[in-house]
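Visitor: Input file: query35.cif. Contents: mmCIF, C-alpha atoms.
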data_entry
loop_
_atom_site.label_atom_id
_atom_site.label_comp_id
_atom_site.auth_asym_id
_atom_site.auth_seq_id
_atom_site.Cartn_x
_atom_site.Cartn_y
_atom_site.Cartn_z
CA MET A 263 -7.57 -24.78 -39.21
CA LYS A 264 -9.98 -26.97 -37.26
CA PHE A 265 -7.04 -28.55 -35.44
CA LEU A 266 -5.68 -25.14 -34.48
CA VAL A 267 -9.03 -23.92 -33.18
CA LYS A 268 -9.47 -27.11 -31.19
CA TRP A 269 -6.16 -26.85 -29.36
CA LEU A 270 -6.34 -23.09 -28.98
CA SER A 271 -9.66 -23.56 -27.23
CA ALA A 272 -8.08 -26.25 -25.05
CA LEU A 273 -5.30 -23.82 -24.14
CA ILE A 274 -7.73 -21.04 -23.23
CA VAL A 275 -10.03 -23.30 -21.22
CA GLY A 276 -7.06 -25.00 -19.55
CA LEU A 277 -5.45 -21.71 -18.51
CA ALA A 278 -8.79 -20.40 -17.24
CA LEU A 279 -9.33 -23.56 -15.21
CA GLY A 280 -5.77 -23.58 -13.90
CA PHE A 281 -5.64 -19.94 -12.84
CA GLY A 282 -9.27 -19.90 -11.73
CA SER A 283 -8.81 -22.87 -9.44
CA LEU A 284 -5.60 -21.31 -8.11
CA TRP A 285 -7.40 -18.02 -7.40
CA TYR A 286 -10.08 -19.96 -5.51
CA MET A 287 -7.56 -21.88 -3.42
CA VAL A 288 -5.53 -18.74 -2.65
CA PHE A 289 -8.33 -16.29 -1.88
CA LYS A 290 -11.44 -18.31 -1.04
CA ALA A 291 -10.37 -21.56 0.58
CA THR A 292 -9.53 -21.53 4.29
CA PRO A 293 -5.83 -22.25 4.90
CA PRO A 294 -5.07 -24.88 7.54
CA ALA A 295 -3.24 -22.46 9.88
CA ILE A 296 -5.98 -19.81 10.03
CA VAL A 297 -7.16 -18.78 13.51
CA THR A 298 -10.31 -16.69 13.98
CA ASN A 299 -11.07 -14.30 16.81
CA GLY A 300 -14.32 -12.36 16.31
CA VAL A 301 -14.05 -10.43 13.05
CA TRP A 302 -10.28 -10.92 13.09
CA HIS A 303 -8.34 -13.79 11.59
CA THR A 304 -4.66 -14.60 11.32
CA ASN A 305 -2.49 -17.17 9.63
CA LEU A 306 -0.08 -18.47 12.24
CA ASN A 307 2.36 -19.64 9.59
CA VAL A 308 2.91 -16.20 8.02
CA GLY A 309 6.53 -15.89 6.97
CA SER A 310 7.30 -19.44 8.02
CA ALA A 311 8.86 -22.12 5.88
CA ALA A 312 6.13 -24.37 7.32
CA ASN A 313 3.45 -22.40 5.51
CA ASP A 314 1.44 -24.20 2.86
CA ALA A 315 2.03 -23.19 -0.76
CA TYR A 316 -1.37 -21.54 -1.23
CA SER A 317 -0.98 -19.41 1.90
CA ARG A 318 2.56 -18.46 0.86
CA LEU A 319 1.29 -17.21 -2.49
CA GLN A 320 -1.61 -15.37 -0.86
CA ILE A 321 0.74 -13.63 1.55
CA ALA A 322 3.18 -12.81 -1.27
CA ILE A 323 0.34 -11.08 -3.11
CA THR A 324 -1.36 -9.28 -0.23
CA SER A 325 1.23 -8.79 2.50
CA ILE A 326 4.72 -9.69 1.35
CA LEU A 327 7.59 -9.16 3.81
CA ALA A 328 5.45 -9.91 6.86
CA LEU A 329 7.30 -10.98 9.97
CA ASN A 330 6.93 -14.50 11.27
CA ARG A 331 4.86 -15.38 14.30
CA SER A 332 7.80 -15.32 16.69
CA GLU A 333 7.98 -11.54 16.23
CA THR A 334 4.56 -10.31 15.19
CA ILE A 335 1.00 -11.54 14.88
CA TYR A 336 -1.06 -9.90 12.15
CA PHE A 337 -4.83 -10.00 12.57
CA GLU A 338 -6.82 -9.09 9.49
CA ALA A 339 -10.48 -8.05 9.25
CA THR A 340 -12.26 -7.90 5.91
CA LYS A 341 -15.86 -8.29 7.10
CA ASP A 342 -18.01 -7.04 9.95
CA ALA A 343 -19.74 -9.24 12.53
CA GLU A 344 -22.65 -9.84 10.11
CA GLY A 345 -20.29 -11.07 7.43
CA GLN A 346 -20.62 -7.93 5.28
CA THR A 347 -17.49 -6.68 3.51
CA LEU A 348 -16.02 -3.59 5.18
CA THR A 349 -16.89 -0.53 3.13
CA ALA A 350 -16.43 3.21 3.42
CA ALA A 351 -20.17 3.51 2.77
CA CYS A 352 -20.55 2.68 6.47
CA ASP A 353 -18.89 4.06 9.59
CA TYR A 354 -17.37 1.68 12.15
CA THR A 355 -15.84 1.89 15.58
CA LEU A 356 -13.15 -0.22 17.19
CA THR A 357 -13.32 -0.33 20.97
CA GLY A 358 -11.78 -2.18 23.86
CA PRO A 359 -8.72 -2.38 26.04
CA PRO A 360 -5.38 -1.92 24.27
CA PRO A 361 -4.18 -5.23 22.80
CA ASP A 362 -1.70 -7.08 24.97
CA ALA A 363 1.57 -6.58 23.10
CA ARG A 364 4.72 -4.54 23.35
CA TRP A 365 3.38 -2.36 20.56
CA TRP A 366 0.26 -2.51 18.40
CA SER A 367 -1.33 -0.65 15.53
CA VAL A 368 -4.45 -0.75 13.36
CA THR A 369 -4.09 0.30 9.70
CA ALA A 370 -6.67 0.50 6.92
CA TYR A 371 -5.78 -0.52 3.37
CA GLY A 372 -7.75 -0.10 0.16
CA PRO A 373 -8.76 -2.89 -2.22
CA ASN A 374 -5.27 -2.82 -3.74
CA ASP A 375 -3.74 -3.39 -0.28
CA MET A 376 -2.16 0.07 -0.37
CA LEU A 377 -2.57 2.92 2.12
CA ILE A 378 -5.72 5.00 1.64
CA HIS A 379 -5.23 8.66 0.75
CA SER A 380 -6.55 11.08 3.37
CA THR A 381 -6.04 14.65 4.45
CA GLY A 382 -3.69 14.59 7.40
CA ASP A 383 -2.40 11.10 6.64
CA ARG A 384 -4.94 9.31 8.84
CA TYR A 385 -3.71 5.83 7.95
CA SER A 386 -3.48 4.17 11.33
CA ALA A 387 -3.95 4.31 15.08
CA SER A 388 -1.37 2.80 17.36
CA ALA A 389 -0.21 2.37 20.92
CA ALA A 390 1.93 5.44 20.39
CA SER A 391 -0.78 7.66 18.94
CA VAL A 392 -4.17 6.84 20.47
CA GLU A 393 -5.76 8.84 23.22
CA THR A 394 -7.27 6.43 25.72
CA GLY A 395 -10.36 6.91 27.83
CA ALA A 396 -10.35 7.42 31.60
CA ASP A 397 -10.59 3.64 32.06
CA GLY A 398 -7.66 3.03 29.73
CA SER A 399 -9.85 1.76 26.91
CA VAL A 400 -9.39 2.65 23.27
CA THR A 401 -11.95 4.00 20.80
CA ILE A 402 -11.00 4.27 17.13
CA ALA A 403 -13.35 5.75 14.53
CA LEU A 404 -13.28 4.32 11.01
CA THR A 405 -14.78 6.93 8.67
CA PRO A 406 -14.19 7.93 5.04
CA ASP A 407 -12.11 11.00 5.98
CA GLY A 408 -10.73 9.74 9.28
CA SER A 409 -12.81 12.09 11.40
CA GLY A 410 -13.76 11.02 14.90
CA PRO A 411 -11.74 9.88 17.91
CA ASN A 412 -8.36 8.43 16.92
CA GLY A 413 -9.85 8.33 13.42
CA ILE A 414 -8.60 6.23 10.52
CA ALA A 415 -9.64 7.14 6.96
CA THR A 416 -11.39 4.39 5.01
CA GLY A 417 -11.59 6.22 1.66
CA ASN A 418 -14.41 5.56 -0.75
CA GLY A 419 -14.52 1.84 -1.42
CA THR A 420 -14.00 -1.45 0.32
CA PHE A 421 -11.13 -1.73 2.76
CA VAL A 422 -9.36 -4.16 5.04
CA LEU A 423 -8.03 -3.65 8.55
CA LEU A 424 -4.71 -4.97 9.76
CA LEU A 425 -4.07 -5.20 13.49
CA ARG A 426 -0.37 -5.65 14.15
CA LEU A 427 0.76 -7.03 17.50
CA TYR A 428 4.52 -6.62 17.79
CA GLN A 429 5.98 -8.94 20.37
CA PRO A 430 2.61 -10.00 21.75
CA SER A 431 2.33 -11.21 25.33
CA GLU A 432 2.92 -14.89 26.00
CA ALA A 433 -0.80 -15.38 26.58
CA VAL A 434 -1.70 -13.87 23.21
CA ALA A 435 1.03 -15.81 21.41
CA ALA A 436 -0.13 -19.06 23.04
CA ALA A 437 -3.83 -18.58 22.30
CA PRO A 438 -4.45 -15.90 19.66
CA ASP A 439 -8.01 -17.16 19.23
CA ALA A 440 -8.75 -16.22 22.84
CA ALA A 441 -6.89 -12.89 22.95
CA ARG A 442 -8.85 -9.77 23.83
CA LEU A 443 -8.81 -7.79 20.60
CA LEU A 444 -10.53 -4.56 19.65
CA THR A 445 -14.25 -5.04 18.96
CA LEU A 446 -15.61 -3.82 15.63
CA THR A 447 -19.04 -2.18 15.70
CA LYS A 448 -20.87 -1.03 12.60
CA GLY A 449 -22.41 2.44 12.70
CA SER A 450 -24.54 4.28 10.19
CA CYS A 451 -24.36 3.59 6.46
CA ARG A 452 -24.90 5.91 3.51
CA ALA A 453 -26.86 5.02 0.42
CA MET B 135 -12.36 -39.98 -28.65
CA SER B 136 -11.45 -36.65 -30.10
CA PHE B 137 -13.29 -34.88 -27.28
CA LEU B 138 -11.54 -37.07 -24.73
CA ARG B 139 -8.15 -36.03 -26.09
CA TRP B 140 -9.24 -32.39 -25.93
CA LEU B 141 -10.42 -32.85 -22.36
CA ILE B 142 -7.15 -34.47 -21.31
CA GLY B 143 -5.31 -31.58 -22.95
CA VAL B 144 -7.40 -29.09 -20.97
CA VAL B 145 -6.69 -30.90 -17.69
CA VAL B 146 -2.95 -31.09 -18.39
CA ILE B 147 -2.74 -27.39 -19.31
CA ALA B 148 -4.79 -26.45 -16.22
CA ALA B 149 -2.55 -28.53 -13.95
CA ILE B 150 0.64 -27.04 -15.40
CA ALA B 151 -0.68 -23.45 -15.14
CA HIS B 152 -1.95 -24.02 -11.59
CA GLY B 153 1.24 -25.69 -10.40
CA ALA B 154 3.66 -23.32 -12.12
CA ALA B 155 1.95 -20.19 -10.75
CA LEU B 156 1.76 -21.76 -7.29
CA TYR B 157 5.39 -22.80 -7.29
CA PHE B 158 7.01 -19.82 -8.99
CA GLY B 159 4.56 -17.08 -7.93
CA PRO B 160 6.14 -16.13 -4.57
CA SER B 161 9.68 -15.95 -5.96
CA LEU B 162 8.51 -13.91 -8.96
CA ILE B 163 6.74 -11.44 -6.66
CA MET B 164 9.75 -11.30 -4.35
CA GLY B 165 11.98 -10.75 -7.37
CA ARG B 166 9.86 -7.76 -8.34
CA VAL B 167 10.10 -6.28 -4.84
CA MET B 168 13.87 -6.82 -4.91
CA SER B 169 14.14 -5.15 -8.31
CA ARG B 170 12.33 -2.08 -7.00
CA ALA B 171 14.71 -1.88 -4.04
CA ALA B 172 17.75 -2.45 -6.25
CA ALA B 173 16.56 0.28 -8.63
CA VAL B 174 17.01 2.76 -5.78
CA SER B 175 20.26 1.61 -4.20
CA GLY B 176 21.59 -1.23 -6.33
CA ILE B 177 21.92 -4.87 -5.33
CA ASN B 178 23.79 -5.58 -2.06
CA ALA B 179 23.31 -1.99 -0.92
CA MET B 180 20.97 -0.48 1.65
CA ALA B 181 18.05 1.69 0.53
CA TYR B 182 16.42 4.16 2.92
CA PRO B 183 12.90 4.73 1.57
CA PRO B 184 10.87 7.60 3.01
CA ARG B 185 8.12 6.98 5.53
CA PRO B 186 5.28 5.15 3.75
CA ASN B 187 2.25 7.19 2.77
CA ALA B 188 -0.50 6.91 0.15
CA ALA B 189 1.58 8.83 -2.40
CA ASN B 190 4.85 6.89 -2.19
CA ASN B 191 3.53 3.45 -1.19
CA THR B 192 5.01 0.72 -3.41
CA VAL B 193 4.92 -2.36 -1.18
CA VAL B 194 1.55 -3.81 -0.17
CA ARG B 195 0.49 -3.26 3.44
CA SER B 196 3.44 -1.15 4.50
CA SER B 197 3.07 0.32 7.96
CA PRO B 198 2.94 4.13 8.13
CA ASP B 199 4.23 3.88 11.70
CA LEU B 200 7.56 2.36 10.71
CA LEU B 201 10.66 3.46 8.84
CA TYR B 202 12.03 0.73 6.60
CA ASN B 203 15.52 0.03 5.32
CA ILE B 204 15.72 -2.44 2.45
CA CYS B 205 18.70 -4.38 1.13
CA ALA B 206 18.11 -6.71 -1.83
CA TYR B 207 20.95 -9.19 -1.87
CA ASP B 208 22.63 -11.76 -4.06
CA VAL B 209 25.24 -13.81 -2.22
CA SER B 210 25.98 -16.25 -5.03
CA ASP B 211 29.52 -14.83 -5.48
CA LYS B 212 30.33 -13.08 -2.21
CA PRO B 213 28.74 -12.98 1.25
CA LEU B 214 26.90 -9.90 2.46
CA LEU B 215 27.82 -7.92 5.55
CA VAL B 216 24.89 -6.16 7.25
CA THR B 217 25.56 -3.65 9.99
CA ALA B 218 23.12 -1.49 11.92
CA GLU B 219 22.77 0.43 15.13
CA VAL B 220 19.66 -0.02 17.24
CA PRO B 221 17.95 3.31 17.94
CA PRO B 222 17.40 3.57 21.69
CA GLY B 223 13.96 3.43 23.24
CA THR B 224 11.93 2.09 20.36
CA TYR B 225 11.04 -1.15 18.62
CA TRP B 226 13.52 -2.19 15.95
CA SER B 227 14.10 -5.39 14.02
CA ALA B 228 16.14 -6.75 11.14
CA ALA B 229 14.26 -9.42 9.18
CA PHE B 230 15.85 -11.73 6.64
CA TYR B 231 13.75 -13.11 3.76
CA ASP B 232 14.63 -15.73 1.18
CA LEU B 233 13.56 -15.61 -2.45
CA ASN B 234 10.57 -17.77 -1.59
CA THR B 235 9.30 -14.95 0.72
CA ASP B 236 9.95 -16.92 3.93
CA ASN B 237 11.14 -14.83 6.88
CA TYR B 238 13.96 -17.15 7.92
CA ARG B 239 15.45 -14.99 10.67
CA VAL B 240 14.57 -11.94 12.78
CA ILE B 241 16.79 -10.05 15.21
CA ASN B 242 14.98 -7.43 17.27
CA ASP B 243 16.24 -4.62 19.51
CA ARG B 244 15.98 -6.77 22.63
CA GLN B 245 18.06 -9.50 21.04
CA ALA B 246 20.71 -7.13 19.67
CA THR B 247 22.31 -6.83 23.07
CA THR B 248 25.43 -5.02 21.83
CA GLY B 249 23.37 -2.07 20.60
CA GLY B 250 23.52 -3.13 17.00
CA ILE B 251 24.09 -5.99 14.61
CA ARG B 252 26.97 -7.17 12.47
CA VAL B 253 25.72 -10.07 10.39
CA LEU B 254 27.32 -11.99 7.56
CA VAL B 255 24.75 -13.46 5.18
CA THR B 256 26.15 -16.38 3.23
CA LYS B 257 24.85 -18.65 0.51
CA PRO B 258 23.57 -22.12 1.38
CA GLY B 259 26.32 -24.51 2.40
CA THR B 260 28.86 -21.86 3.41
CA PRO B 261 30.76 -22.63 6.61
CA ALA B 262 30.36 -20.19 9.49
CA ALA B 263 34.16 -19.96 9.87
CA ASP B 264 34.25 -17.44 7.02
CA ALA B 265 32.67 -14.72 9.17
CA PRO B 266 34.83 -11.70 10.04
CA ALA B 267 35.54 -10.97 13.70
CA GLY B 268 32.50 -9.93 15.65
CA ALA B 269 30.03 -10.94 12.99
CA GLU B 270 27.31 -13.54 13.32
CA THR B 271 26.86 -15.74 10.28
CA ILE B 272 23.38 -16.35 8.90
CA VAL B 273 23.07 -18.84 6.07
CA SER B 274 20.48 -17.74 3.54
CA PRO B 275 18.28 -20.59 2.27
CA THR B 276 18.52 -19.09 -1.23
CA THR B 277 21.32 -17.14 -2.89
CA ARG B 278 19.03 -14.16 -3.45
CA GLY B 279 16.88 -12.52 -0.80
CA LEU B 280 16.13 -9.36 1.07
CA VAL B 281 16.91 -7.77 4.43
CA LEU B 282 14.23 -5.47 5.84
CA ILE B 283 14.98 -3.32 8.87
CA ARG B 284 11.99 -1.84 10.71
CA THR B 285 12.24 1.09 13.10
CA LEU B 286 9.13 2.17 14.97
CA ILE B 287 8.36 5.88 15.10
CA ASN B 288 7.24 5.70 18.69
CA ASP B 289 7.18 9.46 19.15
CA GLU B 290 6.69 11.97 16.34
CA ALA B 291 8.85 14.41 18.30
CA ASN B 292 11.78 12.01 17.90
CA TYR B 293 11.28 11.45 14.20
CA ALA B 294 14.46 13.20 13.04
CA ALA B 295 16.64 11.31 15.53
CA ILE B 296 15.05 7.96 14.62
CA ASP B 297 15.46 8.69 10.92
CA ASP B 298 19.12 9.59 11.41
CA ALA B 299 19.78 6.44 13.42
CA ARG B 300 18.19 4.06 10.92
CA LYS B 301 20.22 5.59 8.09
CA LYS B 302 23.42 4.31 9.72
CA ALA B 303 22.52 0.79 8.65
CA THR B 304 24.58 -0.62 5.77
CA CYS B 305 24.87 -3.74 3.68
CA ARG B 306 27.65 -4.57 1.23
CA SER B 307 29.38 -7.50 -0.40
CA LEU B 308 32.61 -8.64 1.21
#
Reformat the file's structure so that it appears as structure tokens.

Guide:
Amino acid sequence: MKFLVKWLSALIVGLALGFGSLWYMVFKATPPAIVTNGVWHTNLNVGSAANDAYSRLQIAITSILALNRSETIYFEATKDAEGQTLTAACDYTLTGPPPDARWWSVTAYGPNDMLIHSTGDRYSASAASVETGADGSVTIALTPDGSGPNGIATGNGTFVLLLRLYQPSEAVAAAPDAARLLTLTKGSCRA
Amino acid sequence: MSFLRWLIGVVVIAAIAHGAALYFGPSLIMGRVMSRAAAVSGINAMAYPPRPNAANNTVVRSSPDLLYNICAYDVSDKPLLVTAEVPPGTYWSAAFYDLNTDNYRVINDRQATTGGIRVLVTKPGTPAADAPAGAETIVSPTTRGLVLIRTLINDEANYAAIDDARKKATCRSL
């Protein structure tokens, strides 16, 4: 009995250590191919056989079937400029010139990485759907119900933003860390 | 000494769990995605899922601005022939993924200069000479994988035409 308890405890502790350390490496450690640009970050090896094993697993869990860098660059934002997790308890605005790509879109996803339910299917704003200002700039409201200019619904919990750049310009592809991307500004928050 | 043996056991179990999940995780997740696609259309057949929304979303981070075609394949016995027409005036691409989730090939609308694609997907080590006339051979790094065709809905007014065009895509064993 004592022997069984001893090795059962070893099994439980071992599995917890093994999976816990894996979770940390996949979701908390910074992969080698990560590039940061303001609140946005991207893994340049998405979809590539050159990707490291931890990044491959992370992408399989959160964004499987992504295209490789030669076709699309995916910028993700999970936190605001102050490092606070994006939450529907606050409103946000994305502003700036349209990203330099053949086509682009911004989509909000819930904590389960699925689309967020909203009246009117306000899941995303894209080059095809946004109304631009007189100067050609873009303003996108991020609010719980997707109200506001070019609004995207953020639901009622934490969320992530995914900025897709399909066939980005050569300049963006060469230096994604220096690309002009939409700027995220935090607005008012509710208690 | 007894505690040392216990500690070594813990480390060995942790290493095996960590390494096994790291190594097999992507292919297990891909296998699940393939099973979902095959449940709709079968293996080596094209599925035409509806436009993603919050109610029908089954794949993480799908784009609501795209229409997807999915073909889960197994080329261990026979190669796979993929054909598709490129809808005019919008972004389109056919992406090929191996079981390890790597996107080993993409053909987009600008590269499909004949207005479509005719691609033979073969298992690793298959000579290109087996391709039928007019087909490009792509060697899959793994015998199982997935083809995902994306068509951008660039204008809601053209939705019906874009949807019709993307449904002309096929995949089948030869």

Visitor: What does the PyMOL selection byres ((chain A and resi 277) around 12) select in this file, as a PyMOL selection string?

Guide: (chain A and resi 270-276+278-285) or (chain B and resi 143-155)

Visitor: Report the closest atom pair, with its distance in Å rounded to one decimal, for each residue of chain A that has an atom no farther than 7 Å from chain B; count all atoms listed in the file, sort by chain and then rising residue number, and write it as CSV.

Guide:
residue,atom,partner,partner_atom,distance
A:Ala272,CA,B:Val144,CA,5.0
A:Leu273,CA,B:Val144,CA,6.5
A:Val275,CA,B:Val144,CA,6.4
A:Gly276,CA,B:Ala148,CA,4.3
A:Leu277,CA,B:Ala148,CA,5.3
A:Leu279,CA,B:Ala148,CA,5.5
A:Gly280,CA,B:Ala148,CA,3.8
A:Phe281,CA,B:His152,CA,5.6
A:Leu284,CA,B:His152,CA,5.7
A:Gly309,CA,B:Asp236,CA,4.7
A:Ser310,CA,B:Asp236,CA,5.5
A:Ala311,CA,B:Asp236,CA,5.7
A:Ala315,CA,B:Leu156,CA,6.7
A:Tyr316,CA,B:Leu156,CA,6.8
A:Arg318,CA,B:Pro160,CA,6.9
A:Leu319,CA,B:Pro160,CA,5.4
A:Ala322,CA,B:Pro160,CA,5.5
A:Thr324,CA,B:Val194,CA,6.2
A:Ser325,CA,B:Arg195,CA,5.7
A:Ile326,CA,B:Val194,CA,6.9
A:Leu327,CA,B:Thr235,CA,6.8
A:Leu329,CA,B:Asn237,CA,6.3
A:Asn330,CA,B:Asn237,CA,6.1
A:Tyr371,CA,B:Arg195,CA,6.8
A:Asp375,CA,B:Val194,CA,5.3
A:Met376,CA,B:Val194,CA,5.4
A:Leu377,CA,B:Ala188,CA,4.9
A:Ile378,CA,B:Ala188,CA,5.8
A:His379,CA,B:Ala188,CA,5.1
A:Tyr385,CA,B:Pro198,CA,6.9
A:Ala390,CA,B:Asn288,CA,5.6

Visitor: Translate the PyMOL selection byres ((chain B and resi 177) around 12) into a concrete residue list for this structure, as an NGL selection string.

Guide: :B and (165 or 167-176 or 178-181 or 204-209 or 214 or 278-281 or 305-307)

Visitor: Using only C-alpha atoms, can you tell me which of B:Val220, B:Ile272, B:Ile296, B:Leu233 comes closest to B:Ile251?

Guide: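 Between B:Val220, B:Ile272, B:Ile296, B:Leu233, the residue approaching B:Ile251 most closely is B:Val220.
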
Visitor: Which is closest to A:Thr304 among A:Val368, A:Ile323, A:Ala435, A:Ile335, if we use only C-alpha atoms?

Guide: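 Smallest distance to A:Thr304 is found for A:Ile335.
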
Visitor: Kindly give the distance, in Å, that separates atom CA of B:Asn203 and atom CA of A:Ser386, rounded to a single decimal.

Guide: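 About the pair atom CA of B:Asn203 and atom CA of A:Ser386: they are 20.4 Å apart.
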
Visitor: Grab the atom CA of A:Arg452 to atom CA of A:Gly345 distance for me, in Å with one decimal place.

Guide: 18.0 Å

Visitor: Neighbouring residues of stretch 256-260 of chain B were defined as those with any atom within 9 Å, considering only C-alpha atoms; residues of the same chain fewer than 3 positions away were excluded. Please report them as a PyMOL selection string.

Guide: chain B and resi 208-215+263-265+271-278

Visitor: Expressed in Å to a single decimal, how great is the separation between atom CA of A:Arg384 and atom CA of B:Lys302?

Guide: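 Value for the atom CA of A:Arg384-atom CA of B:Lys302 distance: 28.8 Å.
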
Visitor: Out of A:Thr355, A:Ser332, A:Asp314, A:Tyr286, which residue has the shortest atom-to-atom distance to A:Leu423 when counting all atoms listed in the file?

Guide: A:Thr355

Visitor: I need the residue set behind the PyMOL selection byres ((chain A and resi 424) around 8) for this file; please write it as a list in words.

Guide: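 Residues picked by the PyMOL selection byres ((chain A and resi 424) around 8): Tyr336, Phe337, Glu338, Ala339, Ser367, Val368, Thr369, Ala370, Tyr371, Val422, Leu423, Leu425 and Arg426 of chain A.
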
Visitor: Any chance you could export the current selection's C-alpha atoms as a PDB file, in the coordinates of the input?

Guide:
ATOM      1  CA  TYR A 336      -1.060  -9.900  12.150  1.00  0.00           C
ATOM      2  CA  PHE A 337      -4.830 -10.000  12.570  1.00  0.00           C
ATOM      3  CA  GLU A 338      -6.820  -9.090   9.490  1.00  0.00           C
ATOM      4  CA  ALA A 339     -10.480  -8.050   9.250  1.00  0.00           C
ATOM      5  CA  SER A 367      -1.330  -0.650  15.530  1.00  0.00           C
ATOM      6  CA  VAL A 368      -4.450  -0.750  13.360  1.00  0.00           C
ATOM      7  CA  THR A 369      -4.090   0.300   9.700  1.00  0.00           C
ATOM      8  CA  ALA A 370      -6.670   0.500   6.920  1.00  0.00           C
ATOM      9  CA  TYR A 371      -5.780  -0.520   3.370  1.00  0.00           C
ATOM     10  CA  VAL A 422      -9.360  -4.160   5.040  1.00  0.00           C
ATOM     11  CA  LEU A 423      -8.030  -3.650   8.550  1.00  0.00           C
ATOM     12  CA  LEU A 425      -4.070  -5.200  13.490  1.00  0.00           C
ATOM     13  CA  ARG A 426      -0.370  -5.650  14.150  1.00  0.00           C
TER      14      ARG A 426
END

Visitor: Please determine, counting all atoms listed in the file, which residue among A:Thr292, A:Thr381, A:Ala415, A:Arg442 has the shortest atom-to-atom distance to A:Gln320.

Guide: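 Of A:Thr292, A:Thr381, A:Ala415, A:Arg442, the one nearest A:Gln320, counting all atoms listed in the file, is A:Thr292.
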
Visitor: Nearest residue to A:Ile321 out of A:Pro438, A:Pro293, A:Pro373, A:Gly300, using all atoms listed in the file?

Guide: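 That would be A:Pro293, the residue with the smallest distance to A:Ile321.
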
Visitor: Might you pull out every residue within 10 Å of A:Asp342, with only C-alpha atoms counted and same-chain residues fewer than 3 positions away left off, and present them as a list in words?

Guide: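 Those residues are Gly300, Val301, Trp302, Ala339, Gly345, Gln346, Thr347, Leu348, Thr349, Tyr354, Thr445, Leu446, Thr447 and Lys448 of chain A.
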
Visitor: Ranking B:Ala269, B:Pro184, B:Val255, B:Gly250 by minimum distance to B:Pro221 and counting only C-alpha atoms, which one comes first?

Guide: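 Among the listed residues, B:Gly250 lies closest to B:Pro221.
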